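Next up, upload31.cif (mmCIF, C-alpha atoms):
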```cif
data_protein
loop_
_atom_site.label_atom_id
_atom_site.label_comp_id
_atom_site.auth_asym_id
_atom_site.auth_seq_id
_atom_site.Cartn_x
_atom_site.Cartn_y
_atom_site.Cartn_z
CA MET Y 1 -10.64 4.20 -23.27
CA GLN Y 2 -10.20 0.60 -22.13
CA THR Y 3 -12.34 -0.49 -19.20
CA VAL Y 4 -12.09 -3.82 -17.39
CA LYS Y 5 -15.37 -5.62 -16.88
CA VAL Y 6 -15.90 -7.64 -13.71
CA PRO Y 7 -18.89 -9.94 -14.17
CA GLY Y 8 -21.50 -10.38 -11.47
CA ARG Y 9 -25.03 -11.74 -11.07
CA ASN Y 10 -26.44 -8.35 -10.07
CA LYS Y 11 -26.69 -6.28 -13.24
CA LYS Y 12 -29.34 -3.89 -11.97
CA HIS Y 13 -27.06 -0.85 -12.29
CA LYS Y 14 -24.38 0.15 -14.75
CA ILE Y 15 -21.33 0.94 -12.65
CA LEU Y 16 -18.07 2.49 -13.74
CA VAL Y 17 -15.29 2.78 -11.17
CA TYR Y 18 -12.46 5.22 -11.68
CA ALA Y 19 -9.68 3.85 -9.49
CA LEU Y 20 -5.95 3.88 -8.87
CA SER Y 21 -4.11 0.56 -9.04
CA THR Y 22 -2.19 1.45 -5.87
CA CYS Y 23 -5.10 2.71 -3.78
CA GLY Y 24 -6.32 0.69 -0.81
CA TRP Y 25 -9.75 2.39 -0.78
CA CYS Y 26 -10.22 1.61 -4.47
CA LYS Y 27 -9.41 -2.05 -3.87
CA ARG Y 28 -11.87 -2.05 -0.99
CA ALA Y 29 -14.64 -0.62 -3.20
CA LYS Y 30 -13.92 -3.15 -5.96
CA GLN Y 31 -13.93 -5.97 -3.42
CA PHE Y 32 -17.24 -4.76 -1.99
CA LEU Y 33 -18.86 -4.87 -5.43
CA LYS Y 34 -17.36 -8.29 -6.10
CA ASP Y 35 -18.45 -9.68 -2.73
CA ASN Y 36 -21.98 -8.49 -3.44
CA LYS Y 37 -21.83 -10.06 -6.89
CA ILE Y 38 -22.45 -6.72 -8.56
CA GLU Y 39 -21.28 -6.38 -12.13
CA TYR Y 40 -19.08 -3.37 -12.77
CA GLU Y 41 -16.42 -1.92 -14.99
CA TYR Y 42 -13.31 -0.14 -13.83
CA ILE Y 43 -10.42 1.92 -15.11
CA ASP Y 44 -7.16 2.28 -13.20
CA VAL Y 45 -6.46 5.92 -13.99
CA ASP Y 46 -2.77 5.78 -13.05
CA LEU Y 47 -2.24 3.18 -15.77
CA CYS Y 48 -3.93 5.28 -18.47
CA ASN Y 49 -2.14 7.34 -21.10
CA LEU Y 50 -2.22 11.13 -20.94
CA ASP Y 51 -5.12 11.47 -23.40
CA ASP Y 52 -7.31 9.17 -21.32
CA LYS Y 53 -6.28 10.91 -18.11
CA GLN Y 54 -7.42 14.21 -19.61
CA LYS Y 55 -10.75 12.68 -20.67
CA ILE Y 56 -11.28 11.29 -17.17
CA PHE Y 57 -10.37 14.65 -15.64
CA LYS Y 58 -12.99 16.41 -17.80
CA GLU Y 59 -15.56 13.69 -17.18
CA ILE Y 60 -15.25 13.86 -13.38
CA GLN Y 61 -15.17 17.65 -13.33
CA SER Y 62 -18.14 18.01 -15.69
CA ARG Y 63 -20.18 15.89 -13.30
CA GLY Y 64 -19.21 18.14 -10.41
CA GLY Y 65 -16.95 15.51 -8.88
CA ILE Y 66 -13.63 16.01 -7.17
CA LEU Y 67 -10.39 14.39 -8.25
CA ALA Y 68 -10.42 11.64 -5.65
CA TYR Y 69 -10.47 7.86 -5.93
CA PRO Y 70 -12.41 5.71 -6.09
CA THR Y 71 -15.03 7.66 -8.03
CA LEU Y 72 -18.07 5.63 -9.03
CA ILE Y 73 -20.49 6.62 -11.75
CA ILE Y 74 -23.74 4.76 -11.33
CA ASP Y 75 -26.18 4.49 -14.25
CA ASN Y 76 -24.33 7.30 -15.99
CA LYS Y 77 -25.83 9.86 -13.60
CA THR Y 78 -24.92 9.41 -9.92
CA LEU Y 79 -21.35 10.20 -8.95
CA LEU Y 80 -20.02 8.80 -5.70
CA THR Y 81 -16.60 9.80 -4.38
CA GLY Y 82 -14.65 7.70 -1.90
CA ALA Y 83 -17.39 5.07 -1.98
CA PRO Y 84 -18.33 4.90 1.70
CA GLN Y 85 -20.16 1.59 2.12
CA ASP Y 86 -23.39 3.06 3.53
CA LYS Y 87 -23.79 5.42 0.57
CA LEU Y 88 -22.80 2.68 -1.83
CA LYS Y 89 -25.43 0.34 -0.40
CA GLU Y 90 -28.04 3.07 -0.62
CA ALA Y 91 -27.17 3.92 -4.24
CA LEU Y 92 -27.13 0.26 -5.28
CA GLU Y 93 -30.22 -0.65 -3.24
CA ILE Y 94 -28.59 -3.56 -1.43
CA MET B 1 15.18 0.45 -4.04
CA THR B 2 13.45 -0.03 -0.70
CA SER B 3 12.11 -3.50 0.09
CA ILE B 4 8.46 -3.97 1.07
CA GLU B 5 9.57 -4.77 4.64
CA ASN B 6 11.57 -1.57 4.81
CA VAL B 7 8.73 0.55 3.39
CA LYS B 8 6.61 -0.72 6.26
CA LYS B 9 9.41 -0.37 8.80
CA ASN B 10 10.08 3.24 7.74
CA ALA B 11 6.38 4.06 8.05
CA GLU B 12 6.30 2.45 11.50
CA MET B 13 9.32 4.47 12.59
CA ASP B 14 7.84 7.69 11.26
CA ALA B 15 4.54 6.98 13.00
CA LYS B 16 6.36 6.39 16.28
CA THR B 17 8.39 9.59 15.92
CA HIS B 18 5.25 11.67 15.44
CA GLY B 19 3.05 9.90 17.98
CA TYR B 20 0.88 8.24 15.32
CA PHE B 21 0.04 4.61 14.59
CA LEU B 22 -0.29 2.67 11.37
CA THR B 23 -3.76 1.45 10.49
CA SER B 24 -4.64 -1.78 12.29
CA ASP B 25 -6.54 -2.98 9.20
CA GLN B 26 -3.89 -5.39 7.98
CA THR B 27 -5.40 -5.78 4.49
CA LEU B 28 -5.47 -2.02 3.96
CA LEU B 29 -1.97 -1.67 5.44
CA LYS B 30 -0.58 -4.29 3.08
CA GLU B 31 -2.23 -2.64 0.06
CA LEU B 32 -0.95 0.81 1.00
CA VAL B 33 2.60 -0.44 1.61
CA ASN B 34 2.52 -2.27 -1.72
CA GLY B 35 1.20 0.91 -3.34
CA LEU B 36 4.05 2.97 -1.93
CA LYS B 37 6.55 0.41 -3.16
CA LYS B 38 4.95 0.38 -6.61
CA ASN B 39 5.08 4.16 -6.82
CA GLU B 40 8.75 4.12 -5.83
CA GLU B 41 9.41 1.68 -8.66
CA ARG B 42 7.44 3.80 -11.14
CA TYR B 43 8.48 7.30 -10.17
CA GLY B 44 11.57 6.90 -7.99
CA TYR B 45 9.78 8.16 -4.88
CA GLN B 46 7.02 6.93 -2.63
CA SER B 47 4.12 9.15 -3.59
CA CYS B 48 0.75 8.68 -1.90
CA PRO B 49 -0.87 5.46 -3.17
CA CYS B 50 -4.33 7.06 -3.03
CA ARG B 51 -3.52 10.08 -5.19
CA LEU B 52 -2.69 10.37 -8.86
CA ALA B 53 0.95 11.42 -9.18
CA SER B 54 2.36 13.36 -12.12
CA GLY B 55 5.60 11.42 -12.05
CA LYS B 56 7.53 14.67 -11.76
CA LEU B 57 9.22 14.94 -8.39
CA GLU B 58 8.85 18.70 -8.03
CA LEU B 59 5.13 18.55 -8.77
CA ASP B 60 4.53 15.60 -6.48
CA ARG B 61 6.68 16.72 -3.59
CA ASP B 62 3.67 17.55 -1.43
CA ILE B 63 2.25 14.03 -1.81
CA ILE B 64 5.41 12.06 -1.09
CA CYS B 65 4.55 9.91 1.92
CA PRO B 66 4.32 11.14 4.63
CA CYS B 67 2.58 13.87 2.65
CA ASP B 68 2.26 17.54 3.55
CA TYR B 69 -1.38 17.00 4.44
CA ARG B 70 -0.86 14.15 6.91
CA ASP B 71 -0.45 16.23 10.07
CA PRO B 72 -3.47 18.51 9.56
CA ASP B 73 -5.57 15.51 8.46
CA VAL B 74 -4.61 13.41 11.48
CA GLU B 75 -5.31 16.40 13.67
CA GLU B 76 -8.75 17.02 12.16
CA TYR B 77 -9.94 13.52 11.21
CA GLY B 78 -7.70 11.20 13.22
CA GLN B 79 -6.24 9.73 10.04
CA CYS B 80 -4.33 10.74 6.95
CA TYR B 81 -5.97 10.77 3.51
CA CYS B 82 -5.19 7.13 2.73
CA ALA B 83 -5.50 6.07 6.42
CA LEU B 84 -1.96 4.69 6.62
CA TYR B 85 -1.30 6.97 9.60
CA VAL B 86 -3.96 7.09 12.28
CA THR B 87 -4.41 8.16 15.88
CA LYS B 88 -4.43 5.70 18.78
CA ASP B 89 -8.26 5.70 18.87
CA LEU B 90 -8.50 4.64 15.26
CA HIS B 91 -5.68 2.15 15.67
CA GLU B 92 -7.53 0.52 18.55
CA GLY B 93 -10.78 0.50 16.58
CA LYS B 94 -12.61 2.91 18.89
CA THR B 95 -13.29 5.06 15.85
CA VAL B 96 -13.84 3.61 12.40
CA ILE B 97 -11.59 4.66 9.53
CA GLN B 98 -13.40 6.11 6.56
CA PRO B 99 -12.67 8.20 3.48
CA ILE B 100 -11.93 11.82 4.38
CA PRO B 101 -12.08 14.97 2.24
CA GLU B 102 -9.11 15.82 0.03
CA ARG B 103 -7.08 18.70 1.41
CA ARG B 104 -4.71 18.96 -1.54
CA PRO B 105 -5.66 21.95 -3.72
CA THR B 106 -7.42 21.00 -6.97
CA GLU B 107 -4.95 22.98 -9.09
CA LYS B 108 -2.12 20.78 -7.78
CA GLN B 109 -4.09 17.59 -8.41
CA ALA B 110 -5.01 18.73 -11.90
CA ARG B 111 -1.38 18.78 -13.06
CA ALA B 112 -1.20 14.99 -12.99
CA TYR B 113 -3.80 14.99 -15.80
CA THR B 114 -1.97 17.42 -18.04
CA ILE B 115 1.63 16.32 -17.71
CA SER B 116 2.87 13.02 -19.01
CA SER B 117 4.55 10.88 -16.37
CA GLU B 118 6.76 9.52 -19.14
CA PRO B 119 10.01 11.34 -19.92
CA SER B 120 9.18 13.92 -22.63
CA THR B 121 10.68 13.16 -26.01
CA SER B 122 8.78 15.43 -28.35
CA SER B 123 7.23 18.86 -28.41
CA THR B 124 3.67 17.56 -28.13
CA THR B 125 3.29 19.03 -24.67
CA ASP B 126 2.12 22.59 -24.57
CA LYS B 127 5.10 24.71 -23.60
CA LYS B 128 3.05 26.70 -21.10
CA GLU B 129 2.24 23.53 -19.22
CA SER B 130 5.70 22.00 -19.30
CA PRO B 131 7.07 21.21 -15.84
CA GLU B 132 10.25 23.04 -16.69
CA LYS B 133 8.25 26.24 -17.06
CA ILE B 134 6.43 25.62 -13.81
CA PHE B 135 9.71 25.05 -11.97
CA GLN B 136 11.11 28.27 -13.33
CA THR B 137 8.16 30.33 -12.29
CA LYS B 138 6.98 28.79 -9.08
CA MET B 139 9.81 27.25 -7.08
CA LYS B 140 10.89 29.32 -4.11
CA LEU B 141 13.13 29.08 -1.08
CA TRP B 142 11.19 28.91 2.18
CA TYR B 143 12.61 29.55 5.61
CA CYS B 144 11.19 28.40 8.96
CA LYS B 145 11.43 31.39 11.29
CA GLN B 146 11.34 29.08 14.32
CA CYS B 147 14.23 26.70 13.61
CA GLY B 148 15.91 27.94 10.46
CA TYR B 149 14.96 24.96 8.26
CA ILE B 150 15.15 25.90 4.59
CA CYS B 151 13.42 24.14 1.71
CA TYR B 152 13.10 24.77 -2.01
CA ARG B 153 9.59 24.11 -3.25
CA GLU B 154 6.41 25.76 -4.50
CA ASP B 155 4.77 26.32 -1.14
CA PRO B 156 6.02 25.93 2.41
CA PRO B 157 5.07 22.62 4.07
CA TYR B 158 1.98 22.55 6.33
CA THR B 159 4.26 21.64 9.22
CA CYS B 160 8.01 22.13 9.56
CA PRO B 161 9.58 18.65 9.42
CA ILE B 162 12.22 19.71 11.95
CA CYS B 163 10.46 21.75 14.65
CA LYS B 164 6.78 21.13 13.79
CA ALA B 165 6.06 24.84 13.43
CA LYS B 166 2.92 25.61 11.39
CA LYS B 167 3.00 26.80 7.79
CA GLU B 168 2.49 30.38 8.92
CA MET B 169 5.98 30.33 10.48
CA PHE B 170 7.53 30.01 7.01
CA THR B 171 8.62 33.03 5.06
CA GLU B 172 10.01 33.29 1.58
CA LEU B 173 13.76 33.60 1.53
CA LYS B 174 15.10 36.08 -0.96
CA ILE B 175 18.80 36.11 -1.58
CA THR B 176 20.47 39.23 -2.82
CA THR B 177 24.04 39.08 -3.97
CA ILE B 178 25.92 42.35 -3.83
CA PHE B 179 29.04 42.68 -5.96
CA HIS B 180 31.67 45.17 -4.92
#
```
Rewrite the structure of this file - the entire thing - as structure tokens.
Amino acid sequence: MQTVKVPGRNKKHKILVYALSTCGWCKRAKQFLKDNKIEYEYIDVDLCNLDDKQKIFKEIQSRGGILAYPTLIIDNKTLLTGAPQDKLKEALEI
Amino acid sequence: MTSIENVKKNAEMDAKTHGYFLTSDQTLLKELVNGLKKNEERYGYQSCPCRLASGKLELDRDIICPCDYRDPDVEEYGQCYCALYVTKDLHEGKTVIQPIPERRPTEKQARAYTISSEPSTSSTTDKKESPEKIFQTKMKLWYCKQCGYICYREDPPYTCPICKAKKEMFTELKITTIFH
């Protein structure tokens, strides 16, 4: 599965963003991370092939998440859906 | 194909008709309008930019903007799922827009992960999951008891697009042909 890495000075957490290329909330979450110079990786799920979509489906469901975007996986353990800024700040300690 | 300006204009007109407003966050508005346009180019219809579409019209019908869930979401949260349509309070910034829970049933969302959005060319897709099978087994005619509106889809809409009656006013329409 191909992820896109967005470099940033803050590498404290490993962040993976499952997003949709058309979604305004996903763009907002990506922009928030970028503005705060936080390094992250993302996958635009709508641009993935069917195999990758199925893997993402299983991944999100196995972590107890819902199929909503953006979904952030922080340090391979915390799952954050919708990425409200207050919760994002709390999870990223900023 | 609808131009970006017309996608926005149509949304504005629809908001006005239903007493809603479009989000006043111009960045978000632009992204959502662009998303709708992109989905129209990809799938042939303007499916919700904040939901994963299957690319099959019949399976995505409930998330074609304005989606089935808009009216109950605006009623409960003051905004639709992607916050394109909002109430006056949210439009004027008295209440802040934020992500809201997904009302669309998980089983409907899940289909976008099991059905290829590309036209099928081989038999790699499990026959049980093929959209053709789903259409054959699940599509029904629904009739609004209040105004007579009839639609052909899996479930009745949350709100009748003609008379605004609630989902409960819909009943399945069964046609019996008698030959003499």
Translate the PyMOL selection byres ((chain Y and resi 6) around 10) into a concrete residue list for this structure, as a compact mmCIF listing (two decimals) with C-alpha atoms, in the coordinates of the input.
```txt
# COMPACT_ATOMS: atom_id res chain seq x y z
CA THR Y 3 -12.34 -0.49 -19.20
CA VAL Y 4 -12.09 -3.82 -17.39
CA LYS Y 5 -15.37 -5.62 -16.88
CA PRO Y 7 -18.89 -9.94 -14.17
CA GLY Y 8 -21.50 -10.38 -11.47
CA LYS Y 30 -13.92 -3.15 -5.96
CA LEU Y 33 -18.86 -4.87 -5.43
CA LYS Y 34 -17.36 -8.29 -6.10
CA LYS Y 37 -21.83 -10.06 -6.89
CA ILE Y 38 -22.45 -6.72 -8.56
CA GLU Y 39 -21.28 -6.38 -12.13
CA TYR Y 40 -19.08 -3.37 -12.77
CA GLU Y 41 -16.42 -1.92 -14.99
CA TYR Y 42 -13.31 -0.14 -13.83
```
Could you list, with a cut-off of 12 Å and counting all atoms listed in the file, the residues of chain Y near chain B, each shown with its nearest atom pair and the distance in Å rounded to one decimal, rows sorted by chain and ascending number, as JSON lines?
```
{"residue": "Y:Tyr18", "atom": "CA", "partner": "B:Leu52", "partner_atom": "CA", "distance": 11.4}
{"residue": "Y:Ala19", "atom": "CA", "partner": "B:Cys50", "partner_atom": "CA", "distance": 9.0}
{"residue": "Y:Leu20", "atom": "CA", "partner": "B:Cys50", "partner_atom": "CA", "distance": 6.8}
{"residue": "Y:Ser21", "atom": "CA", "partner": "B:Gly35", "partner_atom": "CA", "distance": 7.8}
{"residue": "Y:Thr22", "atom": "CA", "partner": "B:Gly35", "partner_atom": "CA", "distance": 4.3}
{"residue": "Y:Cys23", "atom": "CA", "partner": "B:Cys50", "partner_atom": "CA", "distance": 4.5}
{"residue": "Y:Gly24", "atom": "CA", "partner": "B:Glu31", "partner_atom": "CA", "distance": 5.3}
{"residue": "Y:Trp25", "atom": "CA", "partner": "B:Cys82", "partner_atom": "CA", "distance": 7.5}
{"residue": "Y:Cys26", "atom": "CA", "partner": "B:Cys50", "partner_atom": "CA", "distance": 8.2}
{"residue": "Y:Lys27", "atom": "CA", "partner": "B:Glu31", "partner_atom": "CA", "distance": 8.2}
{"residue": "Y:Arg28", "atom": "CA", "partner": "B:Leu28", "partner_atom": "CA", "distance": 8.1}
{"residue": "Y:Ala29", "atom": "CA", "partner": "B:Pro99", "partner_atom": "CA", "distance": 11.2}
{"residue": "Y:Gln31", "atom": "CA", "partner": "B:Thr27", "partner_atom": "CA", "distance": 11.6}
{"residue": "Y:Asp44", "atom": "CA", "partner": "B:Leu52", "partner_atom": "CA", "distance": 10.2}
{"residue": "Y:Val45", "atom": "CA", "partner": "B:Leu52", "partner_atom": "CA", "distance": 7.8}
{"residue": "Y:Asp46", "atom": "CA", "partner": "B:Leu52", "partner_atom": "CA", "distance": 6.2}
{"residue": "Y:Leu47", "atom": "CA", "partner": "B:Leu52", "partner_atom": "CA", "distance": 10.0}
{"residue": "Y:Cys48", "atom": "CA", "partner": "B:Tyr113", "partner_atom": "CA", "distance": 10.1}
{"residue": "Y:Asn49", "atom": "CA", "partner": "B:Ser116", "partner_atom": "CA", "distance": 7.9}
{"residue": "Y:Leu50", "atom": "CA", "partner": "B:Ser116", "partner_atom": "CA", "distance": 5.8}
{"residue": "Y:Asp51", "atom": "CA", "partner": "B:Tyr113", "partner_atom": "CA", "distance": 8.5}
{"residue": "Y:Asp52", "atom": "CA", "partner": "B:Tyr113", "partner_atom": "CA", "distance": 8.8}
{"residue": "Y:Lys53", "atom": "CA", "partner": "B:Tyr113", "partner_atom": "CA", "distance": 5.3}
{"residue": "Y:Gln54", "atom": "CA", "partner": "B:Tyr113", "partner_atom": "CA", "distance": 5.3}
{"residue": "Y:Lys55", "atom": "CA", "partner": "B:Tyr113", "partner_atom": "CA", "distance": 8.8}
{"residue": "Y:Ile56", "atom": "CA", "partner": "B:Tyr113", "partner_atom": "CA", "distance": 8.5}
{"residue": "Y:Phe57", "atom": "CA", "partner": "B:Tyr113", "partner_atom": "CA", "distance": 6.6}
{"residue": "Y:Lys58", "atom": "CA", "partner": "B:Tyr113", "partner_atom": "CA", "distance": 9.5}
{"residue": "Y:Glu59", "atom": "CA", "partner": "B:Tyr113", "partner_atom": "CA", "distance": 11.9}
{"residue": "Y:Ile60", "atom": "CA", "partner": "B:Ala110", "partner_atom": "CA", "distance": 11.4}
{"residue": "Y:Gln61", "atom": "CA", "partner": "B:Ala110", "partner_atom": "CA", "distance": 10.3}
{"residue": "Y:Gly65", "atom": "CA", "partner": "B:Thr106", "partner_atom": "CA", "distance": 11.2}
{"residue": "Y:Ile66", "atom": "CA", "partner": "B:Thr106", "partner_atom": "CA", "distance": 8.0}
{"residue": "Y:Leu67", "atom": "CA", "partner": "B:Gln109", "partner_atom": "CA", "distance": 7.1}
{"residue": "Y:Ala68", "atom": "CA", "partner": "B:Arg51", "partner_atom": "CA", "distance": 7.1}
{"residue": "Y:Tyr69", "atom": "CA", "partner": "B:Cys50", "partner_atom": "CA", "distance": 6.8}
{"residue": "Y:Pro70", "atom": "CA", "partner": "B:Cys50", "partner_atom": "CA", "distance": 8.7}
{"residue": "Y:Thr71", "atom": "CA", "partner": "B:Pro99", "partner_atom": "CA", "distance": 11.8}
{"residue": "Y:Leu80", "atom": "CA", "partner": "B:Pro99", "partner_atom": "CA", "distance": 11.8}
{"residue": "Y:Thr81", "atom": "CA", "partner": "B:Pro99", "partner_atom": "CA", "distance": 8.9}
{"residue": "Y:Gly82", "atom": "CA", "partner": "B:Pro99", "partner_atom": "CA", "distance": 5.8}
{"residue": "Y:Ala83", "atom": "CA", "partner": "B:Pro99", "partner_atom": "CA", "distance": 7.9}
{"residue": "Y:Pro84", "atom": "CA", "partner": "B:Pro99", "partner_atom": "CA", "distance": 6.8}
{"residue": "Y:Gln85", "atom": "CA", "partner": "B:Gln98", "partner_atom": "CA", "distance": 9.3}
{"residue": "Y:Asp86", "atom": "CA", "partner": "B:Gln98", "partner_atom": "CA", "distance": 10.9}
{"residue": "Y:Lys87", "atom": "CA", "partner": "B:Pro99", "partner_atom": "CA", "distance": 11.8}
```
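As for atom CA of B:Cys67 and atom CA of B:Tyr149, they are spaced 17.5 Å apart.
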For this session: To one decimal in Å, tell me the separation between atom CA of Y:Lys89 and atom CA of B:Thr87.
Result: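 A separation of 27.7 Å between them.
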Exercise. Could you name the residues that touch B:Glu12 at 7 Å or less, counting all atoms listed in the file, but leaving out those on the same chain fewer than 4 positions away, as a PyMOL selection string?
Worked result: chain B and resi 8+16+22
Problem set entry | Neighbour residues at most 9 Å from (5.5, 18.8, 8.3) (all atoms listed in the file) as a PyMOL selection string | chain B and resi 66-71+157-167
Exercise. Of the candidates B:Glu168, B:Asp25, B:Glu76, B:Glu5, which shows the shortest atom-to-atom distance to B:Glu92, using all atoms listed in the file?
Worked result: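 The shortest atom-to-atom distance to B:Glu92 comes from B:Asp25.
Residues matching the PyMOL selection byres ((chain B and resi 146) around 8) in this structure come to Cys144, Lys145, Cys147, Gly148, Cys163, Ala165 and Met169 of chain B.
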Problem set entry | Distance of atom CA of B:Tyr20 from atom CA of B:Val86, expressed in Å to one decimal place |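 Value for the atom CA of B:Val86-atom CA of B:Tyr20 distance: 5.8 Å.
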Exercise. With all atoms listed in the file as the atoms that count, which of Y:Leu72, Y:Leu79, Y:Met1, Y:Leu88 lies nearest to Y:Ile15?
Worked result: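 Among Y:Leu72, Y:Leu79, Y:Met1, Y:Leu88, it is Y:Leu72 that comes nearest to Y:Ile15.
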For this session: Determine the residue membership of the PyMOL selection byres ((chain B and resi 61) around 10) for the file above and supply it as a ChimeraX atom specification.
Result: /B:45-47,53,56-60,62-65,67-68,153-154,157
